[in-house]
Amino acid sequence: MKYLDEFSDPDLAKRLLDQIHQATTGQWAIMEVCGGQTHSIIRHGIDQLLPGGVEMIHGPGCPVCVTPLEIIDKALAIARRPEVIFCSFGDMLRVPGSVDDLFRIKSQGGDVRVVYSPLDALKLARDNPDREVVFFGIGFETTAPANAMTVFQAKRLGVPNFSLLVSHVLVPPAVAAIMESPTCRVQAFLAAGHVCSVMGTSEYPALCDKYGVPIVVTGFEPLDILEGIRKTVLQLESGRHELENAYPRAVQAEGNPAAMDMLRDVFEVTDRAWRGIGMIPGSGWRLSEAYRDWDAEARFEVGGIRTEESAICRSGEVLQGLIKPHECAAFGKECTPRNPLGATMVSSEGACAAYYLYRRLGGPQSAAGSAAEAAPEAAPAEPVGAARG
Amino acid sequence: MCLAVPGRVDALAERDRTLMAEVDFGGVRKDVCCQYVPDVSIGDYVIVHVGFAIQRLDEASALRTLSEFESMGILEEEFGDQVALAAKQAGLAEGAVQ
């Protein structure tokens with residue numbers, strides 16, 4: 001247990017781990033949906049502190065990773081236009097499109113700006129009435145309320161030169177798609193805490209019943225994750241499959257009603273293709289009819305997009321939990337955070353970036369991923385941008 | 001996905017018919033929209049994601065999380081210069097991109 005002293009409360013961490021070890025008799029595969037949780041797990045070596053019978057499978061909850069390549073290419077085409085100020089969160093800057101990324105367009109003179117909040121982009125639009133300001137509105141349910149409020153304000157304040165390039169994705173349909181997959185090994189889920197801070201937990205009991213899986217709402221800090229895993233293992237070992245909330249300090253069953261009202265007004269459910277995974281019915285949000293005038297896809301003619309993924313990148317399989325990052329032949333060789341082939345290697349929430357930053361794994365030959373190979377002190381000093389999603 | 005950072009509401013004001021706050025994140029101050037936590041008061045702690053408070057949080061939990069995030073370098077990642085971070089990741093000098 002080489003990492004225990006890195007926990008903020010090592011005694012509590014040890015107690016939680018002891019309970020997990022004592023409870024585990026079977027072989028269990030638990031998926032943490034959220035990429036922020038993946039980073040916490042790998043960074044703190046939580047997967048290596050667990051009993052051999054508990055495997056963590058990393059899920060698709062990295063918003064920039066699952067944003068469809070076609071939308072990325074559209075974003076790049078819009079960002080190249082001279083009249084446009086293109087605004088984004090920082091972790092989208094280096095996500096590879098078919099041939100380019102936002103960071104390169106910026107270094108070639110494109111007016112690409114990183115903002116902290118989408119409201120900052122709206123302010124830019126009001127301050128620059130002769131320019132078109134486009135905000136790249138991606139992310140899961142946690143981020144959507146911010147983008148919804150920004151479009152609502154653009155309409156209310158009458159800001160015609162602002163628009164949103166929207167590609168929101170939703171967790172519950174992704175959970176269903178993972179369980180429907182014929183190759184699915186997942187037996188339980190840690191649900192993403194802050195998604196539930198917004199949306200509440202009402203969508204999950206039906207998934208627990210339909211697929212016979214425990215779903216435990218879990219936070220992001222290492223102790224939160226241990227508690228989520230502990231509750232999940234206790235359910236699995238006793239044959240239960242229920243929704244439990246292991247993050248009550250930030251998640252109420254009803255969610256955030258004000259945010260949900262705004263989401264229902266501004267967005268409507270749509271089918272969405274997830275990068276690396278494919279089409280998932282009803283898994284996204286787009287602007288509703290009343291807000292279509294602020295839809296960047298409608299405002300800018302960006303036809304002629306021909307997407308092309310890397311031929312060797314296996315990020316789709318990583319996002320589906322079918323392989324671990326270091327089982328890809330390109331991992332750490334052709335593909336590094338400096339030269340990423342897939343978004344999972346560049347995002348602060350991507351599983352490949354987590355393994356690269358916090359594990360020293362040479363490639364497929366070291367696929368066993370033993371504790372001896374994991375040496376956080378050997379991690380390259382390449383930072384990954386701030387997590388958003 | 002979805003990192004959200006706890007912070008303390010230091011000031012509240014209506015702007016563009018929207019409730020806005022000045023929030024302190026362990027020394028870093030940001031403008032935060034509080035329209036989704038309409039009953040918030042000065043001195044309360046909120047969980048903030050991309051400039052929007054999405055829930056309230058008790059003070060003890062907030063301070064514990066802030067301290068943990070600070071020691072993990074997460075506050076610097078969240079509030080630091082994103083373009084410089086991307087440049088560093090790409091292996092470029094920070095001045096290479098304006």
# chains A, B, ... in the order shown; residues from 1 in each chain; ligands from 1

$ residues_around --residues "Thr38 (chain A)" --least-positions-apart "5" --cutoff "12 Å" --atoms "only C-alpha atoms" --output "PyMOL selection string"
(chain A and resi 30-33+43-47+56-62+190-192+218-222+225+318-319+321+324-325+344+347-355+358+387) or (chain B and resi 1-3)

$ write_last_selection --atoms "N, CA and C atoms" --output "short mmCIF file (atom, residue, chain, number, x, y, z; two decimals), in the first residue's frame"
data_model
loop_
_atom_site.label_atom_id
_atom_site.label_comp_id
_atom_site.auth_asym_id
_atom_site.auth_seq_id
_atom_site.Cartn_x
_atom_site.Cartn_y
_atom_site.Cartn_z
N ILE A 30 -15.97 -2.89 -11.97
CA ILE A 30 -16.73 -1.67 -11.65
C ILE A 30 -16.27 -0.55 -12.58
N MET A 31 -17.21 0.10 -13.24
CA MET A 31 -16.83 1.22 -14.12
C MET A 31 -17.04 2.54 -13.40
N GLU A 32 -15.96 3.36 -13.35
CA GLU A 32 -16.15 4.75 -12.94
C GLU A 32 -16.44 5.52 -14.21
N VAL A 33 -17.61 6.17 -14.24
CA VAL A 33 -18.06 6.81 -15.47
C VAL A 33 -17.19 8.02 -15.80
N ARG A 43 -3.91 8.49 -10.38
CA ARG A 43 -2.94 9.34 -9.72
C ARG A 43 -2.60 8.85 -8.31
N HIS A 44 -3.61 8.34 -7.60
CA HIS A 44 -3.39 7.87 -6.23
C HIS A 44 -3.19 6.36 -6.16
N GLY A 45 -3.14 5.72 -7.30
CA GLY A 45 -2.91 4.28 -7.30
C GLY A 45 -4.02 3.50 -6.62
N ILE A 46 -5.24 4.04 -6.63
CA ILE A 46 -6.35 3.37 -5.94
C ILE A 46 -6.59 1.97 -6.52
N ASP A 47 -6.49 1.85 -7.84
CA ASP A 47 -6.72 0.54 -8.46
C ASP A 47 -5.72 -0.50 -7.94
N MET A 56 -11.16 -1.89 -11.75
CA MET A 56 -11.79 -0.65 -12.16
C MET A 56 -11.70 -0.54 -13.69
N ILE A 57 -12.84 -0.36 -14.33
CA ILE A 57 -12.90 -0.15 -15.78
C ILE A 57 -13.19 1.34 -15.99
N HIS A 58 -12.40 1.97 -16.84
CA HIS A 58 -12.52 3.42 -17.01
C HIS A 58 -13.59 3.72 -18.05
N GLY A 59 -14.47 4.64 -17.73
CA GLY A 59 -15.64 4.90 -18.56
C GLY A 59 -15.46 6.03 -19.55
N PRO A 60 -16.54 6.40 -20.22
CA PRO A 60 -16.48 7.39 -21.31
C PRO A 60 -16.66 8.83 -20.85
N GLY A 61 -16.57 9.10 -19.53
CA GLY A 61 -16.92 10.42 -19.03
C GLY A 61 -15.84 11.47 -19.15
N CYS A 62 -15.26 11.57 -20.32
CA CYS A 62 -14.30 12.63 -20.63
C CYS A 62 -14.93 13.45 -21.74
N LEU A 190 -19.80 3.54 -10.70
CA LEU A 190 -19.70 4.73 -9.87
C LEU A 190 -20.25 5.86 -10.73
N ALA A 191 -21.38 6.44 -10.34
CA ALA A 191 -21.95 7.54 -11.13
C ALA A 191 -21.21 8.84 -10.79
N ALA A 192 -21.24 9.75 -11.76
CA ALA A 192 -20.46 10.99 -11.65
C ALA A 192 -21.15 11.98 -10.71
N THR A 218 -20.82 8.99 -6.68
CA THR A 218 -19.50 9.06 -6.05
C THR A 218 -18.83 10.39 -6.37
N GLY A 219 -18.09 10.92 -5.39
CA GLY A 219 -17.35 12.17 -5.58
C GLY A 219 -16.01 11.94 -6.27
N PHE A 220 -15.15 12.92 -6.18
CA PHE A 220 -13.94 12.94 -7.01
C PHE A 220 -12.64 12.82 -6.23
N GLU A 221 -12.73 13.10 -4.93
CA GLU A 221 -11.50 13.03 -4.15
C GLU A 221 -11.23 11.57 -3.79
N PRO A 222 -9.96 11.26 -3.53
CA PRO A 222 -9.60 9.85 -3.32
C PRO A 222 -10.44 9.14 -2.26
N ILE A 225 -13.83 8.31 -3.56
CA ILE A 225 -13.84 7.18 -4.49
C ILE A 225 -13.76 5.85 -3.72
N VAL A 318 -10.65 2.36 -25.52
CA VAL A 318 -10.36 2.84 -24.16
C VAL A 318 -11.62 3.46 -23.56
N LEU A 319 -12.30 4.30 -24.35
CA LEU A 319 -13.50 4.99 -23.86
C LEU A 319 -14.63 4.02 -23.52
N GLY A 321 -14.05 1.11 -22.28
CA GLY A 321 -13.57 0.23 -21.22
C GLY A 321 -13.16 -1.14 -21.71
N LYS A 324 -7.27 -1.25 -21.58
CA LYS A 324 -6.62 -0.22 -20.77
C LYS A 324 -5.68 0.57 -21.69
N PRO A 325 -5.40 1.83 -21.36
CA PRO A 325 -4.61 2.66 -22.28
C PRO A 325 -3.29 2.04 -22.73
N THR A 344 -8.11 11.20 -25.77
CA THR A 344 -7.90 10.61 -24.44
C THR A 344 -6.46 10.80 -23.95
N SER A 347 -6.52 15.14 -22.91
CA SER A 347 -7.43 15.77 -21.95
C SER A 347 -7.03 15.45 -20.52
N SER A 348 -7.30 16.42 -19.66
CA SER A 348 -7.06 16.20 -18.23
C SER A 348 -8.00 15.15 -17.67
N GLU A 349 -8.97 14.73 -18.44
CA GLU A 349 -9.88 13.70 -17.98
C GLU A 349 -9.76 12.42 -18.80
N GLY A 350 -8.84 12.39 -19.75
CA GLY A 350 -8.67 11.21 -20.59
C GLY A 350 -7.88 10.13 -19.87
N ALA A 351 -8.31 8.89 -20.07
CA ALA A 351 -7.64 7.78 -19.37
C ALA A 351 -6.19 7.63 -19.85
N CYS A 352 -5.95 7.83 -21.15
CA CYS A 352 -4.58 7.65 -21.65
C CYS A 352 -3.63 8.67 -21.03
N ALA A 353 -4.10 9.91 -20.89
CA ALA A 353 -3.27 10.94 -20.25
C ALA A 353 -2.98 10.58 -18.80
N ALA A 354 -3.99 10.03 -18.12
CA ALA A 354 -3.80 9.64 -16.71
C ALA A 354 -2.72 8.57 -16.60
N TYR A 355 -2.78 7.56 -17.46
CA TYR A 355 -1.77 6.48 -17.39
C TYR A 355 -0.40 7.02 -17.76
N TYR A 358 0.83 9.44 -14.75
CA TYR A 358 1.00 8.93 -13.39
C TYR A 358 1.57 7.51 -13.35
N ALA A 387 -9.37 20.40 -15.62
CA ALA A 387 -10.50 19.51 -15.90
C ALA A 387 -11.79 20.28 -15.99
N MET B 1 -15.53 13.36 -15.47
CA MET B 1 -15.75 14.71 -15.96
C MET B 1 -16.10 15.61 -14.81
N CYS B 2 -16.10 16.85 -15.07
CA CYS B 2 -16.88 17.71 -14.20
C CYS B 2 -16.24 18.05 -12.86
N LEU B 3 -15.03 18.48 -12.89
CA LEU B 3 -14.45 19.03 -11.68
C LEU B 3 -15.25 20.27 -11.28
#

$ atom_distance --atom1 "CA of Met92 (chain A)" --atom2 "CA of Val64 (chain A)"
6.2 Å

$ closest_atom_pairs --of "chain B" --to "chain A" --cutoff "10 Å" --atoms "only C-alpha atoms" --output "CSV"
residue,atom,partner,partner_atom,distance
B:Met1,CA,A:Gly389,CA,4.6
B:Cys2,CA,A:Gly389,CA,4.0
B:Leu3,CA,A:Arg388,CA,5.7
B:Ala4,CA,A:His194,CA,7.3
B:Asp16,CA,A:Leu157,CA,7.8
B:Arg17,CA,A:Gln153,CA,9.1
B:Thr18,CA,A:Gln153,CA,8.8
B:Lys30,CA,A:Tyr116,CA,9.1
B:Asp31,CA,A:Ser117,CA,9.0
B:Val32,CA,A:Ser117,CA,8.4
B:Cys33,CA,A:Ala146,CA,8.6
B:Gln35,CA,A:Ala258,CA,7.8
B:Tyr36,CA,A:Ala258,CA,5.2
B:Val37,CA,A:Ala258,CA,7.6
B:Pro38,CA,A:Ala258,CA,8.4
B:Val46,CA,A:Ala250,CA,9.4
B:Ile47,CA,A:Ala250,CA,7.9
B:His49,CA,A:Thr143,CA,7.0
B:Val50,CA,A:Ser117,CA,4.9
B:Gly51,CA,A:Ser117,CA,4.8
B:Phe52,CA,A:Ala146,CA,6.1
B:Ala53,CA,A:Ala146,CA,9.1
B:Ile54,CA,A:Val198,CA,6.5
B:Gln55,CA,A:Ala250,CA,6.6
B:Arg56,CA,A:Ala250,CA,7.3
B:Leu57,CA,A:Ala250,CA,6.4
B:Asp58,CA,A:Arg249,CA,7.5
B:Ser61,CA,A:Arg249,CA,7.8
B:Ala62,CA,A:Arg249,CA,9.7
B:Arg64,CA,A:Ser8,CA,8.7
B:Thr65,CA,A:Glu221,CA,7.8
B:Ser67,CA,A:Ser8,CA,9.1
B:Glu68,CA,A:Ser8,CA,6.8
B:Phe69,CA,A:Glu221,CA,8.7
B:Ser71,CA,A:Ser8,CA,9.4
B:Met72,CA,A:Arg43,CA,9.9
B:Ile74,CA,A:Ala386,CA,7.4
B:Leu75,CA,A:Ala386,CA,8.6
B:Glu76,CA,A:Ala386,CA,8.3
B:Glu77,CA,A:Ala386,CA,4.6
B:Glu78,CA,A:Ala386,CA,4.7
B:Phe79,CA,A:Tyr116,CA,7.9
B:Gly80,CA,A:Ala386,CA,8.3
B:Asp81,CA,A:Gly90,CA,8.7
B:Gln82,CA,A:Gly90,CA,5.2
B:Val83,CA,A:Gly90,CA,6.8
B:Ala84,CA,A:Gly385,CA,9.4
B:Leu85,CA,A:Gly385,CA,6.0
B:Ala86,CA,A:Gly385,CA,6.5
B:Ala87,CA,A:Phe103,CA,8.1
B:Lys88,CA,A:Glu382,CA,6.9
B:Gln89,CA,A:Glu382,CA,5.3
B:Ala90,CA,A:Arg338,CA,4.6
B:Gly91,CA,A:Arg338,CA,6.3
B:Leu92,CA,A:Arg338,CA,9.5
B:Ala96,CA,A:Ser107,CA,7.4
B:Val97,CA,A:Ser107,CA,5.2
B:Gln98,CA,A:Ser107,CA,7.3

$ select_by_dssp --residues "chain B" --states "helix (DSSP H, G or I)" --output "PyMOL selection string"
chain B and resi 59-71+74-79+82-89+94-96

$ write_last_selection --atoms "N, CA and C atoms" --output "PDB file, in the first residue's frame"
ATOM      1  N   GLU B  59     -19.258  24.377   5.237  1.00  0.00           N
ATOM      2  CA  GLU B  59     -17.940  25.010   5.301  1.00  0.00           C
ATOM      3  C   GLU B  59     -16.823  23.997   5.546  1.00  0.00           C
ATOM      4  N   ALA B  60     -17.053  23.070   6.474  1.00  0.00           N
ATOM      5  CA  ALA B  60     -15.981  22.117   6.812  1.00  0.00           C
ATOM      6  C   ALA B  60     -15.597  21.289   5.583  1.00  0.00           C
ATOM      7  N   SER B  61     -16.603  20.790   4.846  1.00  0.00           N
ATOM      8  CA  SER B  61     -16.316  20.002   3.642  1.00  0.00           C
ATOM      9  C   SER B  61     -15.595  20.855   2.609  1.00  0.00           C
ATOM     10  N   ALA B  62     -16.048  22.104   2.462  1.00  0.00           N
ATOM     11  CA  ALA B  62     -15.449  22.988   1.459  1.00  0.00           C
ATOM     12  C   ALA B  62     -13.971  23.233   1.765  1.00  0.00           C
ATOM     13  N   LEU B  63     -13.673  23.501   3.031  1.00  0.00           N
ATOM     14  CA  LEU B  63     -12.281  23.798   3.394  1.00  0.00           C
ATOM     15  C   LEU B  63     -11.405  22.559   3.217  1.00  0.00           C
ATOM     16  N   ARG B  64     -11.944  21.387   3.552  1.00  0.00           N
ATOM     17  CA  ARG B  64     -11.181  20.137   3.359  1.00  0.00           C
ATOM     18  C   ARG B  64     -10.860  19.930   1.876  1.00  0.00           C
ATOM     19  N   THR B  65     -11.868  20.125   1.034  1.00  0.00           N
ATOM     20  CA  THR B  65     -11.674  19.910  -0.399  1.00  0.00           C
ATOM     21  C   THR B  65     -10.690  20.929  -0.973  1.00  0.00           C
ATOM     22  N   LEU B  66     -10.855  22.192  -0.556  1.00  0.00           N
ATOM     23  CA  LEU B  66      -9.946  23.237  -1.059  1.00  0.00           C
ATOM     24  C   LEU B  66      -8.496  22.911  -0.707  1.00  0.00           C
ATOM     25  N   SER B  67      -8.289  22.462   0.520  1.00  0.00           N
ATOM     26  CA  SER B  67      -6.931  22.139   0.950  1.00  0.00           C
ATOM     27  C   SER B  67      -6.384  20.960   0.141  1.00  0.00           C
ATOM     28  N   GLU B  68      -7.237  19.966  -0.096  1.00  0.00           N
ATOM     29  CA  GLU B  68      -6.812  18.804  -0.890  1.00  0.00           C
ATOM     30  C   GLU B  68      -6.487  19.216  -2.332  1.00  0.00           C
ATOM     31  N   PHE B  69      -7.355  20.048  -2.919  1.00  0.00           N
ATOM     32  CA  PHE B  69      -7.131  20.495  -4.301  1.00  0.00           C
ATOM     33  C   PHE B  69      -5.855  21.323  -4.405  1.00  0.00           C
ATOM     34  N   GLU B  70      -5.611  22.141  -3.379  1.00  0.00           N
ATOM     35  CA  GLU B  70      -4.409  22.971  -3.419  1.00  0.00           C
ATOM     36  C   GLU B  70      -3.158  22.094  -3.395  1.00  0.00           C
ATOM     37  N   SER B  71      -3.175  21.075  -2.518  1.00  0.00           N
ATOM     38  CA  SER B  71      -1.988  20.219  -2.402  1.00  0.00           C
ATOM     39  C   SER B  71      -1.796  19.385  -3.668  1.00  0.00           C
ATOM     40  N   ILE B  74      -4.543  21.223  -8.180  1.00  0.00           N
ATOM     41  CA  ILE B  74      -5.749  21.348  -9.013  1.00  0.00           C
ATOM     42  C   ILE B  74      -6.197  22.799  -9.129  1.00  0.00           C
ATOM     43  N   LEU B  75      -6.002  23.592  -8.059  1.00  0.00           N
ATOM     44  CA  LEU B  75      -6.405  25.001  -8.142  1.00  0.00           C
ATOM     45  C   LEU B  75      -5.592  25.719  -9.214  1.00  0.00           C
ATOM     46  N   GLU B  76      -4.304  25.390  -9.275  1.00  0.00           N
ATOM     47  CA  GLU B  76      -3.451  26.024 -10.288  1.00  0.00           C
ATOM     48  C   GLU B  76      -3.890  25.620 -11.696  1.00  0.00           C
ATOM     49  N   GLU B  77      -4.240  24.328 -11.864  1.00  0.00           N
ATOM     50  CA  GLU B  77      -4.724  23.871 -13.172  1.00  0.00           C
ATOM     51  C   GLU B  77      -6.024  24.574 -13.540  1.00  0.00           C
ATOM     52  N   GLU B  78      -6.904  24.731 -12.552  1.00  0.00           N
ATOM     53  CA  GLU B  78      -8.233  25.277 -12.829  1.00  0.00           C
ATOM     54  C   GLU B  78      -8.173  26.770 -13.149  1.00  0.00           C
ATOM     55  N   PHE B  79      -7.332  27.505 -12.393  1.00  0.00           N
ATOM     56  CA  PHE B  79      -7.362  28.966 -12.514  1.00  0.00           C
ATOM     57  C   PHE B  79      -6.109  29.532 -13.183  1.00  0.00           C
ATOM     58  N   GLN B  82      -4.417  28.853 -19.139  1.00  0.00           N
ATOM     59  CA  GLN B  82      -4.677  27.637 -19.913  1.00  0.00           C
ATOM     60  C   GLN B  82      -3.861  27.579 -21.202  1.00  0.00           C
ATOM     61  N   VAL B  83      -3.656  28.728 -21.812  1.00  0.00           N
ATOM     62  CA  VAL B  83      -2.897  28.732 -23.071  1.00  0.00           C
ATOM     63  C   VAL B  83      -1.437  28.368 -22.789  1.00  0.00           C
ATOM     64  N   ALA B  84      -0.905  28.898 -21.684  1.00  0.00           N
ATOM     65  CA  ALA B  84       0.476  28.553 -21.317  1.00  0.00           C
ATOM     66  C   ALA B  84       0.595  27.065 -21.005  1.00  0.00           C
ATOM     67  N   LEU B  85      -0.439  26.526 -20.329  1.00  0.00           N
ATOM     68  CA  LEU B  85      -0.433  25.094 -20.036  1.00  0.00           C
ATOM     69  C   LEU B  85      -0.418  24.268 -21.317  1.00  0.00           C
ATOM     70  N   ALA B  86      -1.279  24.670 -22.273  1.00  0.00           N
ATOM     71  CA  ALA B  86      -1.347  23.943 -23.545  1.00  0.00           C
ATOM     72  C   ALA B  86      -0.024  24.051 -24.297  1.00  0.00           C
ATOM     73  N   ALA B  87       0.585  25.246 -24.248  1.00  0.00           N
ATOM     74  CA  ALA B  87       1.869  25.440 -24.931  1.00  0.00           C
ATOM     75  C   ALA B  87       2.934  24.538 -24.324  1.00  0.00           C
ATOM     76  N   LYS B  88       2.925  24.454 -23.001  1.00  0.00           N
ATOM     77  CA  LYS B  88       3.909  23.616 -22.317  1.00  0.00           C
ATOM     78  C   LYS B  88       3.696  22.151 -22.684  1.00  0.00           C
ATOM     79  N   GLN B  89       2.417  21.752 -22.717  1.00  0.00           N
ATOM     80  CA  GLN B  89       2.107  20.371 -23.069  1.00  0.00           C
ATOM     81  C   GLN B  89       2.546  20.060 -24.499  1.00  0.00           C
ATOM     82  N   GLU B  94       6.405  29.360 -23.858  1.00  0.00           N
ATOM     83  CA  GLU B  94       5.128  30.016 -23.570  1.00  0.00           C
ATOM     84  C   GLU B  94       4.895  31.244 -24.436  1.00  0.00           C
ATOM     85  N   GLY B  95       5.973  31.888 -24.899  1.00  0.00           N
ATOM     86  CA  GLY B  95       5.804  33.079 -25.715  1.00  0.00           C
ATOM     87  C   GLY B  95       5.456  32.779 -27.166  1.00  0.00           C
ATOM     88  N   ALA B  96       5.417  31.471 -27.518  1.00  0.00           N
ATOM     89  CA  ALA B  96       5.222  31.114 -28.926  1.00  0.00           C
ATOM     90  C   ALA B  96       3.811  31.434 -29.402  1.00  0.00           C
TER      91      ALA B  96
END

$ select_by_dssp --residues "region 20-94 of chain B" --states "strand (DSSP E or B)" --output "list in words"
Met20, Ala21, Glu22, Val23, Asp24, Phe25, Val28, Arg29, Lys30, Asp31, Val32, Cys33, Tyr45, Val46, Ile47, Val48, His49, Phe52, Ala53, Ile54, Gln55, Arg56 and Leu57 of chain B

$ atom_distance --atom1 "CA of Leu164 (chain A)" --atom2 "CA of Val134 (chain A)"
5.6 Å

$ residues_around --residues "region 22-25 of chain A" --least-positions-apart "5" --cutoff "12 Å" --atoms "only C-alpha atoms" --output "list in words"
Lys14, Arg15, Leu16, Leu17, Leu50, Pro51, Gly52, Gly53, Val54, Glu55, Ile229, Arg230, Lys231, Thr232, Val233, Leu234, Gln235, Leu236, Glu237 and Ser238 of chain A

$ write_last_selection --atoms "N, CA and C atoms" --output "CSV table (one decimal), in the first residue's frame"
chain,number,residue,atom,x,y,z
A,14,LYS,N,-7.3,3.8,5.1
A,14,LYS,CA,-6.9,2.4,5.4
A,14,LYS,C,-8.2,1.6,5.9
A,15,ARG,N,-9.0,2.3,6.7
A,15,ARG,CA,-10.2,1.7,7.2
A,15,ARG,C,-11.1,1.3,6.0
A,16,LEU,N,-11.3,2.2,5.0
A,16,LEU,CA,-12.1,1.9,3.9
A,16,LEU,C,-11.6,0.8,3.1
A,17,LEU,N,-10.3,0.8,2.9
A,17,LEU,CA,-9.6,-0.3,2.1
A,17,LEU,C,-9.7,-1.6,2.8
A,50,LEU,N,-6.6,-1.9,-4.3
A,50,LEU,CA,-7.9,-2.7,-4.2
A,50,LEU,C,-7.5,-4.2,-4.2
A,51,PRO,N,-8.4,-5.0,-3.7
A,51,PRO,CA,-8.1,-6.5,-3.8
A,51,PRO,C,-8.1,-6.9,-5.2
A,52,GLY,N,-7.5,-8.1,-5.5
A,52,GLY,CA,-7.4,-8.6,-6.9
A,52,GLY,C,-8.7,-8.8,-7.5
A,53,GLY,N,-9.7,-9.0,-6.7
A,53,GLY,CA,-11.1,-9.3,-7.2
A,53,GLY,C,-11.8,-8.1,-7.7
A,54,VAL,N,-11.3,-6.9,-7.5
A,54,VAL,CA,-12.0,-5.7,-7.9
A,54,VAL,C,-11.2,-5.0,-9.0
A,55,GLU,N,-11.8,-5.0,-10.2
A,55,GLU,CA,-11.1,-4.3,-11.3
A,55,GLU,C,-11.9,-3.0,-11.6
A,229,ILE,N,-16.5,2.9,-3.9
A,229,ILE,CA,-16.1,1.5,-4.2
A,229,ILE,C,-16.6,0.6,-3.1
A,230,ARG,N,-16.4,1.0,-1.8
A,230,ARG,CA,-16.8,0.2,-0.7
A,230,ARG,C,-18.3,-0.1,-0.8
A,231,LYS,N,-19.1,0.9,-1.0
A,231,LYS,CA,-20.6,0.7,-1.1
A,231,LYS,C,-20.9,-0.2,-2.2
A,232,THR,N,-20.2,0.0,-3.4
A,232,THR,CA,-20.5,-0.9,-4.5
A,232,THR,C,-20.2,-2.3,-4.3
A,233,VAL,N,-19.0,-2.6,-3.7
A,233,VAL,CA,-18.6,-4.0,-3.4
A,233,VAL,C,-19.6,-4.6,-2.4
A,234,LEU,N,-20.0,-3.9,-1.4
A,234,LEU,CA,-21.0,-4.4,-0.5
A,234,LEU,C,-22.3,-4.8,-1.2
A,235,GLN,N,-22.7,-4.0,-2.1
A,235,GLN,CA,-23.9,-4.4,-2.9
A,235,GLN,C,-23.6,-5.6,-3.7
A,236,LEU,N,-22.5,-5.6,-4.4
A,236,LEU,CA,-22.2,-6.8,-5.3
A,236,LEU,C,-22.1,-8.1,-4.5
A,237,GLU,N,-21.5,-8.0,-3.4
A,237,GLU,CA,-21.3,-9.2,-2.6
A,237,GLU,C,-22.6,-9.7,-2.0
A,238,SER,N,-23.6,-8.8,-1.8
A,238,SER,CA,-24.8,-9.2,-1.2
A,238,SER,C,-25.9,-9.4,-2.3

$ residues_around --residues "Ile71 (chain A)" --least-positions-apart "3" --cutoff "9 Å" --atoms "only C-alpha atoms" --output "list in words"
Thr67, Pro68, Lys74, Ala75, Leu76, Gly97, Leu165, Val166 and Ser167 of chain A

$ write_last_selection --atoms "C-alpha atoms" --output "compact mmCIF listing (two decimals), in the first residue's frame"
# COMPACT_ATOMS: atom_id res chain seq x y z
CA THR A 67 -17.09 15.19 -28.62
CA PRO A 68 -17.62 13.94 -32.18
CA LYS A 74 -16.60 22.27 -37.60
CA ALA A 75 -15.21 24.17 -34.60
CA LEU A 76 -11.84 24.40 -36.33
CA GLY A 97 -9.36 17.22 -35.18
CA LEU A 165 -21.57 25.40 -31.02
CA VAL A 166 -23.39 22.74 -29.03
CA SER A 167 -22.44 19.14 -28.42

$ atom_distance --atom1 "CA of Glu180 (chain A)" --atom2 "CA of Ile41 (chain A)"
25.7 Å

$ closest_residue --among "A:Glu132, A:Glu327, A:Asp18, A:Glu242" --to "Val216 (chain A)" --atoms "only C-alpha atoms"
A:Glu242

$ residues_around --residues "Pro172 (chain A)" --least-positions-apart "5" --cutoff "8 Å" --atoms "only C-alpha atoms" --output "list in words"
Glu203, Tyr204, Leu207 and Ser283 of chain A

$ residues_around --residues "Asp130 (chain A)" --least-positions-apart "6" --cutoff "12 Å" --atoms "only C-alpha atoms" --output "MDAnalysis selection string"
chainID A and resid 82:85 124 159:162
